[in-house]
Amino acid sequence: TATDLLKVDSELSRFRYDDAIDREYSGLGARIGLLAHLTDAVSVGLTLVTPVELGVDEIWYQSTQAVYDDGEELSDAVDGAQAFDIERPFEIGTGIAVKLFDDDLVLAGDVQLTDWTQTRYDPAPADDISQDNFEEFYTMTLQARLGVEYRLPTIDTYVRFGYFRDTIPFTDAEVNNTRDFLTLGVGKIFEDSLKFDVGYMLGTWQRSRNDLTTERLTHRVFVSAGYRF
């Protein structure tokens, strides 16, 4: 809503524009993994996420309302619905884990590659969006993770530290920092059956667009529990 408090327009007093889009996504995909134990202490893995075709059902609504100085009001509204598909690209990843000190210490790392330029619309959701829209505005991303887990034998508790870098796939924004995350966690198994984990993640990144720089700092806490029969 915009109100002409300074009387810039000699006739218009207030103008309002509403634009709402509601989308429902559905799809099916698969993740295939391969794990190989090179030695008792070293393991390597390979994962492949198959391309996913997401069906999108979209309902949209747009309305305008203009109020003039003499009290006259004019309004207009349009709505519609459409359906289209988005084909997400395949993802490939690989990782390695090394166990040390009688398996009490585990060092692990992995990377995951996604080529977002291979994403496709079918059909395009709007006339001004081309099929190569993703090739123009998206790029390839590489995620990297490093982690350390240490088991405290005296209390049978696992302490974990980690680092995660998540690059942003958009080319229309200048990313000063790729998204970096630090993690800290504690896990414990009770009576060889009940598993309890608590994790904390600190994330930071910033990007600039249209001379505006946005800085973000995120804090997340994760709690999980499981029972093993």
# chains A, B, ... in the order shown; residues from 1 in each chain; ligands from 1
$ closest_atom_pairs --of "range 11-106 of chain A" --to "range 111-129 of chain A" --cutoff "8 Å" --atoms "only C-alpha atoms" --output "Markdown table"
| residue | atom | partner | partner_atom | distance |
| --- | --- | --- | --- | --- |
| A:Gln82 | CA | A:Pro125 | CA | 7.7 |
| A:Ala83 | CA | A:Pro125 | CA | 7.8 |
| A:Phe84 | CA | A:Pro123 | CA | 5.7 |
| A:Asp85 | CA | A:Asp122 | CA | 5.0 |
| A:Ile86 | CA | A:Tyr121 | CA | 4.8 |
| A:Glu87 | CA | A:Arg120 | CA | 5.1 |
| A:Arg88 | CA | A:Thr119 | CA | 5.0 |
| A:Pro89 | CA | A:Thr119 | CA | 5.5 |
| A:Phe90 | CA | A:Thr114 | CA | 6.7 |
| A:Glu91 | CA | A:Thr114 | CA | 4.9 |
| A:Ile92 | CA | A:Leu113 | CA | 5.4 |
| A:Gly93 | CA | A:Gln112 | CA | 4.0 |
| A:Thr94 | CA | A:Val111 | CA | 5.7 |
| A:Gly95 | CA | A:Val111 | CA | 6.4 |
$ residues_around --residues "range 101-106 of chain A" --least-positions-apart "5" --cutoff "8 Å" --atoms "only C-alpha atoms" --output "list in words"
Ala41, Val148, Glu149, Tyr150, Arg151, Leu152 and Pro153 of chain A
$ closest_residue --among "A:Ser75, A:Leu182, A:Ser43, A:Val221" --to "Ser63 in chain A" --atoms "only C-alpha atoms"
A:Ser75
$ closest_residue --among "A:Val42, A:Ile21, A:Leu35, A:Ile189" --to "Ile59 in chain A" --atoms "only C-alpha atoms"
A:Ile21
$ closest_residue --among "A:Ala30, A:Val223, A:Leu146, A:Leu12" --to "Asp70 in chain A" --atoms "only C-alpha atoms"
A:Leu12
$ residues_around --residues "Asp76 in chain A" --least-positions-apart "2" --cutoff "12 Å" --atoms "only C-alpha atoms" --output "list in words"
Phe15, Arg16, Tyr17, Asp18, Tyr61, Gln62, Ser63, Thr64, Gln65, Ala66, Glu73, Leu74, Val78 and Asp79 of chain A
$ atom_distance --atom1 "CA of Arg165 in chain A" --atom2 "CA of Gln206 in chain A"
13.3 Å
$ closest_residue --among "A:Arg14, A:Arg160, A:Arg23, A:Arg179" --to "Gln143 in chain A" --atoms "only C-alpha atoms"
A:Arg179
$ select_by_dssp --residues "range 7-215 of chain A" --states "alpha helix (DSSP H)" --output "list of chain:residue names"
A:Asn133, A:Phe134, A:Glu135, A:Glu136, A:Phe137
$ residues_around --residues "Gly27 in chain A" --least-positions-apart "3" --cutoff "7 Å" --atoms "only C-alpha atoms" --output "list in words"
Val52, Glu53, Leu54 and Gly55 of chain A
$ residues_around --residues "Phe181 in chain A" --least-positions-apart "5" --cutoff "6 Å" --atoms "only C-alpha atoms" --output "VMD selection string"
chain A and resid 163 to 164 202 to 203
$ select_by_dssp --residues "range 135-201 of chain A" --states "strand (DSSP E)" --output "ChimeraX atom specification"
/A:140-152,157-166,174-190,194-201
$ write_last_selection --atoms "C-alpha atoms" --output "PDB file, in the first residue's frame"
ATOM      1  CA  MET A 140      26.997 -25.042 -10.557  1.00  0.00           C
ATOM      2  CA  THR A 141      27.398 -25.467  -6.790  1.00  0.00           C
ATOM      3  CA  LEU A 142      29.816 -27.489  -4.689  1.00  0.00           C
ATOM      4  CA  GLN A 143      28.964 -28.325  -1.101  1.00  0.00           C
ATOM      5  CA  ALA A 144      31.762 -29.368   1.256  1.00  0.00           C
ATOM      6  CA  ARG A 145      31.569 -30.888   4.728  1.00  0.00           C
ATOM      7  CA  LEU A 146      34.232 -31.728   7.301  1.00  0.00           C
ATOM      8  CA  GLY A 147      33.532 -33.420  10.599  1.00  0.00           C
ATOM      9  CA  VAL A 148      35.193 -34.845  13.693  1.00  0.00           C
ATOM     10  CA  GLU A 149      33.594 -37.234  16.166  1.00  0.00           C
ATOM     11  CA  TYR A 150      35.266 -38.330  19.391  1.00  0.00           C
ATOM     12  CA  ARG A 151      33.954 -40.916  21.815  1.00  0.00           C
ATOM     13  CA  LEU A 152      34.586 -40.355  25.512  1.00  0.00           C
ATOM     14  CA  THR A 157      29.381 -40.112  25.002  1.00  0.00           C
ATOM     15  CA  TYR A 158      30.094 -38.803  21.499  1.00  0.00           C
ATOM     16  CA  VAL A 159      31.241 -35.222  20.910  1.00  0.00           C
ATOM     17  CA  ARG A 160      31.058 -33.848  17.368  1.00  0.00           C
ATOM     18  CA  PHE A 161      32.456 -30.792  15.580  1.00  0.00           C
ATOM     19  CA  GLY A 162      31.808 -29.909  11.963  1.00  0.00           C
ATOM     20  CA  TYR A 163      32.130 -27.371   9.169  1.00  0.00           C
ATOM     21  CA  PHE A 164      29.803 -27.011   6.187  1.00  0.00           C
ATOM     22  CA  ARG A 165      30.160 -24.721   3.146  1.00  0.00           C
ATOM     23  CA  ASP A 166      27.098 -24.291   0.952  1.00  0.00           C
ATOM     24  CA  GLU A 174      27.131 -10.939  -5.698  1.00  0.00           C
ATOM     25  CA  VAL A 175      27.901 -13.330  -2.869  1.00  0.00           C
ATOM     26  CA  ASN A 176      30.563 -11.878  -0.612  1.00  0.00           C
ATOM     27  CA  ASN A 177      30.557 -14.965   1.550  1.00  0.00           C
ATOM     28  CA  THR A 178      29.382 -18.386   0.556  1.00  0.00           C
ATOM     29  CA  ARG A 179      27.203 -19.792   3.279  1.00  0.00           C
ATOM     30  CA  ASP A 180      29.473 -21.127   6.021  1.00  0.00           C
ATOM     31  CA  PHE A 181      28.231 -23.166   8.959  1.00  0.00           C
ATOM     32  CA  LEU A 182      29.907 -24.429  12.117  1.00  0.00           C
ATOM     33  CA  THR A 183      28.316 -27.274  14.059  1.00  0.00           C
ATOM     34  CA  LEU A 184      28.668 -28.713  17.542  1.00  0.00           C
ATOM     35  CA  GLY A 185      26.899 -31.770  18.853  1.00  0.00           C
ATOM     36  CA  VAL A 186      26.709 -34.321  21.648  1.00  0.00           C
ATOM     37  CA  GLY A 187      25.257 -37.815  21.460  1.00  0.00           C
ATOM     38  CA  LYS A 188      24.774 -40.627  23.935  1.00  0.00           C
ATOM     39  CA  ILE A 189      23.340 -44.137  23.894  1.00  0.00           C
ATOM     40  CA  PHE A 190      21.529 -45.337  27.013  1.00  0.00           C
ATOM     41  CA  LEU A 194      18.034 -45.415  23.438  1.00  0.00           C
ATOM     42  CA  LYS A 195      19.982 -42.858  21.379  1.00  0.00           C
ATOM     43  CA  PHE A 196      19.806 -39.136  22.142  1.00  0.00           C
ATOM     44  CA  ASP A 197      21.500 -36.352  20.128  1.00  0.00           C
ATOM     45  CA  VAL A 198      21.678 -32.575  20.506  1.00  0.00           C
ATOM     46  CA  GLY A 199      23.234 -30.324  17.865  1.00  0.00           C
ATOM     47  CA  TYR A 200      23.877 -26.617  17.347  1.00  0.00           C
ATOM     48  CA  MET A 201      24.580 -24.884  14.029  1.00  0.00           C
TER      49      MET A 201
END
$ closest_residue --among "A:Leu217, A:Leu212, A:Leu100, A:Ala81" --to "Thr39 in chain A" --atoms "only C-alpha atoms"
A:Leu100
$ atom_distance --atom1 "CA of Ile155 in chain A" --atom2 "CA of His219 in chain A"
28.1 Å
